[in-house]
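With mmCIF, C-alpha atoms inside, this is input.cif:
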```
data_coords
#
loop_
_atom_site.label_atom_id
_atom_site.label_comp_id
_atom_site.auth_asym_id
_atom_site.auth_seq_id
_atom_site.Cartn_x
_atom_site.Cartn_y
_atom_site.Cartn_z
CA MET A 135 -53.64 14.02 -47.94
CA ASN A 136 -55.78 15.49 -50.74
CA LYS A 137 -58.73 17.61 -49.70
CA VAL A 138 -61.33 16.88 -52.38
CA PRO A 139 -64.27 19.24 -53.03
CA GLY A 140 -67.67 17.61 -52.59
CA LEU A 141 -70.29 18.24 -55.28
CA TYR A 142 -72.68 16.15 -53.16
CA HIS A 143 -73.11 19.29 -51.03
CA THR A 144 -73.01 22.02 -53.66
CA ALA A 145 -75.00 20.07 -56.29
CA PRO A 146 -76.77 17.15 -54.57
CA TYR A 147 -78.99 16.42 -57.59
CA LEU A 148 -76.01 15.99 -59.93
CA SER A 149 -75.87 12.28 -60.81
CA GLN A 150 -73.07 12.30 -63.39
CA THR A 151 -69.99 14.43 -64.00
CA GLN A 152 -66.55 14.55 -65.53
CA THR A 153 -63.85 14.35 -62.91
CA ARG A 154 -60.13 13.73 -62.53
CA LEU A 155 -58.66 10.51 -61.19
CA LEU A 156 -56.16 11.75 -58.61
CA HIS A 157 -54.64 8.47 -57.51
CA VAL A 158 -55.38 4.77 -56.95
CA ASN A 159 -54.23 2.95 -53.81
CA LEU A 160 -54.85 0.11 -51.38
CA ASP A 161 -56.11 0.91 -47.90
CA GLU A 162 -54.92 -0.60 -44.63
CA SER A 163 -56.82 -3.84 -45.36
CA ASN A 164 -55.60 -4.00 -49.00
CA SER A 165 -58.95 -2.89 -50.43
CA PRO A 166 -58.57 -0.87 -53.65
CA TYR A 167 -59.83 2.69 -53.76
CA CYS A 168 -59.33 5.90 -55.70
CA ALA A 169 -59.59 9.63 -55.06
CA LEU A 170 -61.43 11.96 -57.43
CA SER A 171 -61.49 15.71 -57.89
CA PRO A 172 -64.20 16.86 -57.79
CA THR A 173 -66.44 14.10 -56.48
CA ILE A 174 -70.22 13.64 -56.53
CA PHE A 175 -70.01 10.59 -54.21
CA TYR A 176 -71.14 11.25 -50.63
CA PRO A 177 -68.81 9.59 -48.08
CA GLN A 178 -70.49 7.41 -45.44
CA GLY A 179 -71.26 9.37 -42.30
CA GLY A 180 -73.97 10.74 -40.03
CA GLY A 181 -75.95 7.54 -40.52
CA GLN A 182 -76.10 8.00 -44.29
CA LEU A 183 -74.68 5.30 -46.54
CA GLY A 184 -71.69 6.02 -48.73
CA ASP A 185 -72.66 6.49 -52.34
CA ARG A 186 -72.30 3.72 -54.88
CA GLY A 187 -72.04 3.90 -58.66
CA TYR A 188 -69.30 3.49 -61.23
CA LEU A 189 -66.54 5.19 -63.20
CA VAL A 190 -66.30 5.13 -66.99
CA LEU A 191 -62.74 5.08 -68.29
CA PRO A 192 -62.74 5.62 -72.06
CA ASP A 193 -58.99 5.36 -72.62
CA MET A 194 -58.21 2.49 -70.27
CA LEU A 195 -56.24 -0.30 -71.94
CA THR A 196 -58.46 -3.08 -70.63
CA SER A 197 -61.86 -4.57 -71.41
CA GLN A 198 -63.05 -3.40 -67.97
CA LYS A 199 -63.95 0.15 -68.94
CA LYS A 200 -66.68 0.51 -66.31
CA ILE A 201 -65.38 0.24 -62.75
CA GLY A 202 -67.91 -0.20 -59.94
CA VAL A 203 -67.75 2.03 -56.87
CA LEU A 204 -68.87 -0.20 -53.99
CA THR A 205 -69.01 2.46 -51.28
CA THR A 206 -67.48 5.81 -50.40
CA LYS A 207 -65.79 6.72 -47.10
CA ARG A 208 -63.87 9.62 -45.65
CA LYS A 209 -60.40 9.10 -44.22
CA ASP A 210 -59.09 12.28 -42.62
CA GLU A 211 -59.52 14.88 -45.41
CA GLU A 212 -59.55 12.31 -48.22
CA ILE A 213 -62.66 10.77 -49.77
CA ARG A 214 -62.03 7.16 -50.75
CA HIS A 215 -64.07 5.53 -53.51
CA TYR A 216 -63.81 1.77 -52.99
CA LEU A 217 -63.58 -0.10 -56.27
CA ASP A 218 -64.86 -3.38 -57.68
CA ILE A 219 -61.70 -4.19 -59.62
CA ASN A 220 -59.33 -7.14 -60.08
CA GLU A 221 -55.56 -7.04 -59.65
CA ILE A 222 -54.82 -6.53 -63.35
CA GLY A 223 -57.39 -3.76 -63.62
CA PHE A 224 -56.01 -2.14 -60.47
CA ASP A 225 -52.48 -2.02 -61.91
CA LEU A 226 -53.77 -0.56 -65.17
CA LEU A 227 -55.96 1.97 -63.41
CA LYS A 228 -53.01 3.25 -61.36
CA LYS A 229 -51.38 4.28 -64.64
CA GLN A 230 -54.46 6.41 -65.45
CA ALA A 231 -53.86 8.80 -62.53
CA GLY A 232 -54.36 12.37 -63.64
CA GLN A 233 -56.78 11.43 -66.43
CA GLN A 234 -60.39 12.52 -66.86
CA VAL A 235 -63.08 9.92 -66.08
CA THR A 236 -66.88 10.00 -65.91
CA ALA A 237 -68.37 9.45 -62.46
CA ILE A 238 -71.95 8.14 -62.36
CA LEU A 239 -74.01 7.69 -59.18
CA ASP A 240 -76.38 4.90 -58.32
CA TRP A 241 -79.11 7.55 -58.34
CA ASP A 242 -81.83 5.31 -56.92
CA LEU A 243 -79.72 4.84 -53.78
CA ARG A 244 -78.76 8.50 -53.46
CA TYR A 245 -82.27 9.82 -53.99
CA HIS A 246 -83.72 7.37 -51.48
CA GLN A 247 -81.10 8.49 -48.94
CA MET A 248 -81.97 12.15 -49.58
CA ARG A 249 -85.69 11.49 -49.06
CA ILE A 250 -85.43 9.24 -46.00
CA HIS A 251 -82.78 11.46 -44.40
CA SER A 252 -85.14 14.43 -44.34
CA ALA A 253 -87.97 12.18 -43.17
CA VAL A 254 -86.08 11.07 -40.04
CA HIS A 255 -85.35 14.73 -39.22
CA LEU A 256 -88.99 15.69 -39.69
CA ILE A 257 -90.43 12.90 -37.55
CA HIS A 258 -88.22 14.09 -34.70
CA CYS A 259 -89.48 17.66 -35.07
CA ILE A 260 -93.12 16.65 -35.31
CA LEU A 261 -92.86 14.29 -32.33
CA GLU A 262 -91.73 17.30 -30.30
CA GLN A 263 -94.75 19.19 -31.59
CA VAL A 264 -97.21 16.37 -30.81
CA THR A 265 -95.86 15.53 -27.34
CA GLY A 266 -95.03 19.05 -26.24
CA HIS A 267 -91.64 17.74 -25.13
CA SER A 268 -88.20 18.90 -26.22
CA ILE A 269 -86.67 15.59 -27.33
CA PRO A 270 -82.89 15.02 -27.19
CA TYR A 271 -81.33 14.36 -30.58
CA PRO A 272 -81.14 10.66 -31.49
CA VAL A 273 -78.13 8.70 -30.29
CA ARG A 274 -77.83 7.57 -33.88
CA SER A 275 -79.91 7.68 -37.06
CA PRO A 276 -78.82 4.80 -39.29
CA LEU A 277 -80.10 4.69 -42.88
CA ASN A 278 -80.03 1.71 -45.23
CA ASP A 279 -81.29 0.84 -48.71
CA GLU A 280 -84.89 0.38 -47.51
CA SER A 281 -85.45 2.50 -44.39
CA GLY A 282 -84.21 4.98 -41.83
CA GLU A 283 -84.33 4.98 -38.04
CA ASN A 284 -83.92 7.26 -35.04
CA HIS A 285 -82.50 5.57 -31.95
CA TYR A 286 -83.14 7.39 -28.68
CA GLN A 287 -82.43 6.77 -25.04
CA LEU A 288 -85.77 5.52 -23.70
CA LEU A 289 -88.61 7.99 -24.31
CA ASP A 290 -91.35 6.64 -22.06
CA TYR A 291 -93.86 9.29 -23.20
CA ILE A 292 -93.88 8.02 -26.80
CA ASP A 293 -96.13 5.08 -27.61
CA GLU A 294 -97.68 3.72 -30.80
CA ASN A 295 -100.65 6.10 -30.61
CA ILE A 296 -98.36 9.12 -30.32
CA LEU A 297 -96.23 7.88 -33.21
CA GLU A 298 -99.31 7.25 -35.35
CA LYS A 299 -100.54 10.81 -34.74
CA ALA A 300 -97.09 12.24 -35.49
CA THR A 301 -96.80 10.19 -38.68
CA THR A 302 -100.20 11.42 -39.88
CA GLU A 303 -99.12 15.03 -39.26
CA LEU A 304 -95.80 14.32 -40.96
CA ASN A 305 -97.49 13.01 -44.10
CA GLU A 306 -99.82 16.02 -44.20
CA PHE A 307 -96.85 18.36 -43.76
CA CYS A 308 -94.85 16.67 -46.53
CA LEU A 309 -97.78 16.64 -48.95
CA SER A 310 -98.40 20.36 -48.50
CA GLY A 311 -94.87 21.14 -49.71
CA HIS A 312 -92.21 22.95 -47.70
CA GLU A 313 -88.74 24.05 -48.74
CA ILE A 314 -85.76 22.19 -47.27
CA GLN A 315 -82.33 23.80 -47.08
CA THR A 316 -78.93 22.61 -45.95
CA VAL A 317 -76.57 25.50 -45.25
CA ASP A 318 -72.91 25.82 -44.31
CA VAL A 319 -72.04 27.34 -40.94
CA PRO A 320 -68.30 27.98 -41.35
CA GLU A 321 -67.94 29.68 -37.97
CA GLN A 322 -68.80 26.31 -36.39
CA GLY A 323 -65.91 24.57 -38.14
CA ASN A 324 -65.04 22.80 -41.36
CA ASN A 325 -67.94 20.90 -42.98
CA PHE A 326 -70.45 21.99 -40.28
CA ARG A 327 -73.89 22.21 -41.88
CA ILE A 328 -77.46 22.71 -40.71
CA TRP A 329 -80.62 21.17 -42.17
CA LYS A 330 -83.55 23.63 -42.14
CA CYS A 331 -87.25 23.21 -42.87
CA GLY A 332 -89.86 25.73 -41.78
CA ARG A 333 -89.13 26.78 -38.20
CA TRP A 334 -86.96 23.71 -37.53
CA SER A 335 -83.22 23.25 -37.85
CA ILE A 336 -80.93 20.32 -37.04
CA PRO A 337 -77.13 20.02 -37.42
CA CYS A 338 -76.53 17.58 -40.30
CA GLY A 339 -73.93 17.24 -43.03
CA GLY A 340 -75.85 14.73 -45.15
CA THR A 341 -77.80 15.13 -48.37
CA HIS A 342 -81.50 15.99 -48.51
CA VAL A 343 -84.28 16.75 -50.98
CA LYS A 344 -85.20 20.41 -51.55
CA ASP A 345 -88.94 20.06 -50.97
CA THR A 346 -90.99 17.86 -48.64
CA LYS A 347 -93.27 16.81 -51.51
CA GLU A 348 -90.39 14.70 -52.85
CA ILE A 349 -90.43 12.49 -49.74
CA GLY A 350 -93.80 10.93 -50.49
CA MET A 351 -95.90 8.87 -48.07
CA ILE A 352 -94.14 7.63 -44.92
CA PHE A 353 -94.88 4.55 -42.81
CA SER A 354 -93.55 4.22 -39.25
CA THR A 355 -92.99 1.55 -36.61
CA LEU A 356 -92.00 1.77 -32.95
CA LYS A 357 -89.74 -0.62 -31.04
CA VAL A 358 -88.66 -0.34 -27.41
CA LYS A 359 -85.75 -2.57 -26.49
CA LYS A 360 -82.93 -2.44 -23.95
CA ASN A 361 -83.83 1.05 -22.74
CA MET A 362 -83.85 2.34 -26.31
CA THR A 363 -86.75 3.82 -28.27
CA ARG A 364 -86.36 3.05 -31.97
CA ILE A 365 -88.51 4.75 -34.57
CA ALA A 366 -88.22 3.27 -38.06
CA LEU A 367 -89.51 4.90 -41.23
CA ARG A 368 -90.14 3.52 -44.70
CA LEU A 369 -91.16 5.39 -47.80
CA SER A 370 -94.22 4.34 -49.77
CA ASP A 371 -92.04 2.83 -52.51
CA ASN A 372 -90.17 0.79 -49.87
CA SER A 373 -93.14 -0.15 -47.71
CA GLY A 374 -92.92 -3.87 -48.24
#
```
Would you kindly transcribe this structure into structure tokens?
Amino acid sequence: MNKVPGLYHTAPYLSQTQTRLLHVNLDESNSPYCALSPTIFYPQGGGQLGDRGYLVLPDMLTSQKKIGVLTTKRKDEEIRHYLDINEIGFDLLKKQAGQQVTAILDWDLRYHQMRIHSAVHLIHCILEQVTGHSIPYPVRSPLNDESGENHYQLLDYIDENILEKATTELNEFCLSGHEIQTVDVPEQGNNFRIWKCGRWSIPCGGTHVKDTKEIGMIFSTLKVKKNMTRIALRLSDNSG
């Protein structure tokens, strides 16, 4: 299994790069994918969506010179880039293994994920500040193309008024500008990373913006259902 370096960690703002096509295969469900070295595509995980985008193949002997990357997932130590490609294109692409290609991200998706990912961390931290409670980490924090959420075991001390106050403080905090870092902690194991902002830190291996000003205005909603407290966030450019 090929262990592929991830530029999504070392250079998260890089949206395009030259890379090498390592191999092209079918997965267990016969879906076509490829491996790249290095890769700028973040593999789905930690609630964050796998990156999308496309590959440009200048020397490919087919009219399909731009191959869509539908999503990106990790399998063991391999990062799989799932491809929008027909059977003929798949056979031709396999013959291109070892060649240089251009990888291009769907930057709108990636940048939204970076912004909303830090927002869901920050609302957790500020809710602790507003309530005076130490809040257990979310059970899950799923992100999608429009929003992000924190799902908690029932937090009966959080209501809409508390969330509104926390959201106001969050927006003020973001607007004032604070550095965000994501750092490796190798002594904790392979790929273990910590998100840091101000006095707060949360274990997270995803991608994030480098300053809170980039997040913009945040809107929040609260849902309590089946003993779960769900806090959903939208950014101002996804508020509809």
Just say which residues the PyMOL selection byres ((chain A and resi 346-357) around 6) picks in this file, as an NGL selection string.
-> :A and (249 or 305 or 308-309 or 311-312 or 345 or 358 or 364-370)
Step by step, work through what the PyMOL selection byres ((chain A and resi 154) around 12) selects in the shown file, and finish by giving those residues as a PyMOL selection string.
-> chain A and resi 138-139+151-153+155-158+168-174+189-191+230-237
Can you list, as a ChimeraX atom specification, every protein, DNA or RNA residue that comes within 10 Å of Glu280 in chain A when you count all atoms listed in the file, leaving out same-chain residues fewer than 6 positions away?
-> /A:243,246-247,250,367-369,371-374
Pick from A:Ser163, A:Gln150, A:Asn220, A:Ser275 nearest to Gly187 in chain A, counting all atoms listed in the file |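 The shortest atom-to-atom distance to Gly187 in chain A comes from A:Gln150.
Of the listed residues (A:His342, A:Leu304, A:Met362, A:Ala253), A:Met362 comes nearest to Gln287 in chain A; the distances count all atoms listed in the file.
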Hey, what comes out of the PyMOL selection byres ((chain A and resi 273) around 12) on this file? Could you write it as a PyMOL selection string?
-> chain A and resi 180-181+269-272+274-276+283-288+362-365
For Val264 in chain A, list every protein, DNA or RNA residue within 9 Å, evaluated using only C-alpha atoms, and leave out those in the same chain fewer than 4 positions away; present the list as a PyMOL selection string.
-> chain A and resi 259-260+296-297+299-300+303
Separation of CA of Ser165 in chain A and CA of Leu217 in chain A, in Å?
->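 Result for CA of Ser165 in chain A versus CA of Leu217 in chain A: 8.0 Å, one decimal.
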Using CA of Thr205 in chain A and CA of Ile238 in chain A as the two end points, give the distance in Å to one decimal.
->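 Between these atoms lies a distance of 12.8 Å.
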Would you compute an axis-aligned box for range 167-171 of chain A, covering every atom listed for it in the file with 5 Å of margin on each side, and report centre and edge lengths in Å to one decimal as JSON?
```
{"center_x": -60.4, "center_y": 9.2, "center_z": -55.8, "size_x": 12.2, "size_y": 23.0, "size_z": 14.1}
```
Please provide as a PyMOL selection string all residues within 9 Å of Lys207 in chain A, with the sequence filter that same-chain residues fewer than 6 positions apart are discarded (counting all atoms listed in the file).
-> chain A and resi 176-179+184-185+213-216
Please, which residues are within 12 Å of (-55.0, -2.3, -63.4) by the file's coordinates, counting only C-alpha atoms, and could they come as a list in words?
->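 Every polymer residue passing the test: Val158, Asn159, Pro166, Tyr167, Leu191, Met194, Leu195, Thr196, Ser197, Gln198, Lys199, Ile201, Leu217, Asp218, Ile219, Asn220, Glu221, Ile222, Gly223, Phe224, Asp225, Leu226, Leu227, Lys228, Lys229, Gln230 and Ala231 of chain A.
The space separating CA of Glu212 in chain A from CA of His143 in chain A comes to 15.5 Å.
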Would you mind telling me which residue in A:Asp161, A:Asp210, A:Asp318, A:Glu298 lies nearest to Ile257 in chain A when using all atoms listed in the file?
->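 Among A:Asp161, A:Asp210, A:Asp318, A:Glu298, it is A:Glu298 that comes nearest to Ile257 in chain A.
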Add whatever atoms are absent from range 338-354 of chain A to reach N, CA and C atoms, and provide the output as a compact mmCIF listing (two decimals), keeping the file's coordinate frame.
```
# COMPACT_ATOMS: atom_id res chain seq x y z
N CYS A 338 -76.64 18.79 -39.47
CA CYS A 338 -76.53 17.58 -40.30
C CYS A 338 -75.72 17.90 -41.54
N GLY A 339 -74.76 17.06 -41.86
CA GLY A 339 -73.93 17.24 -43.03
C GLY A 339 -74.29 16.32 -44.18
N GLY A 340 -75.46 15.68 -44.11
CA GLY A 340 -75.85 14.73 -45.15
C GLY A 340 -76.49 15.41 -46.34
N THR A 341 -77.11 14.61 -47.20
CA THR A 341 -77.80 15.13 -48.37
C THR A 341 -79.30 14.99 -48.17
N HIS A 342 -80.05 15.94 -48.72
CA HIS A 342 -81.50 15.99 -48.51
C HIS A 342 -82.19 16.50 -49.77
N VAL A 343 -83.48 16.19 -49.89
CA VAL A 343 -84.28 16.75 -50.98
C VAL A 343 -84.53 18.23 -50.69
N LYS A 344 -84.99 18.97 -51.72
CA LYS A 344 -85.20 20.41 -51.55
C LYS A 344 -86.64 20.77 -51.24
N ASP A 345 -87.55 19.79 -51.29
CA ASP A 345 -88.94 20.06 -50.97
C ASP A 345 -89.56 18.81 -50.35
N THR A 346 -90.41 19.00 -49.34
CA THR A 346 -90.99 17.86 -48.64
C THR A 346 -91.88 17.01 -49.53
N LYS A 347 -92.42 17.58 -50.61
CA LYS A 347 -93.27 16.81 -51.51
C LYS A 347 -92.51 15.63 -52.13
N GLU A 348 -91.19 15.76 -52.24
CA GLU A 348 -90.39 14.70 -52.85
C GLU A 348 -90.30 13.46 -51.96
N ILE A 349 -90.56 13.61 -50.67
CA ILE A 349 -90.43 12.49 -49.74
C ILE A 349 -91.50 11.43 -49.99
N GLY A 350 -92.72 11.88 -50.29
CA GLY A 350 -93.80 10.93 -50.49
C GLY A 350 -94.40 10.46 -49.18
N MET A 351 -95.23 9.41 -49.25
CA MET A 351 -95.90 8.87 -48.07
C MET A 351 -94.90 8.09 -47.21
N ILE A 352 -95.05 8.24 -45.89
CA ILE A 352 -94.14 7.63 -44.92
C ILE A 352 -94.92 6.68 -44.02
N PHE A 353 -94.33 5.52 -43.75
CA PHE A 353 -94.88 4.55 -42.81
C PHE A 353 -93.90 4.40 -41.65
N SER A 354 -94.42 4.25 -40.43
CA SER A 354 -93.55 4.22 -39.25
C SER A 354 -93.84 3.01 -38.37
```
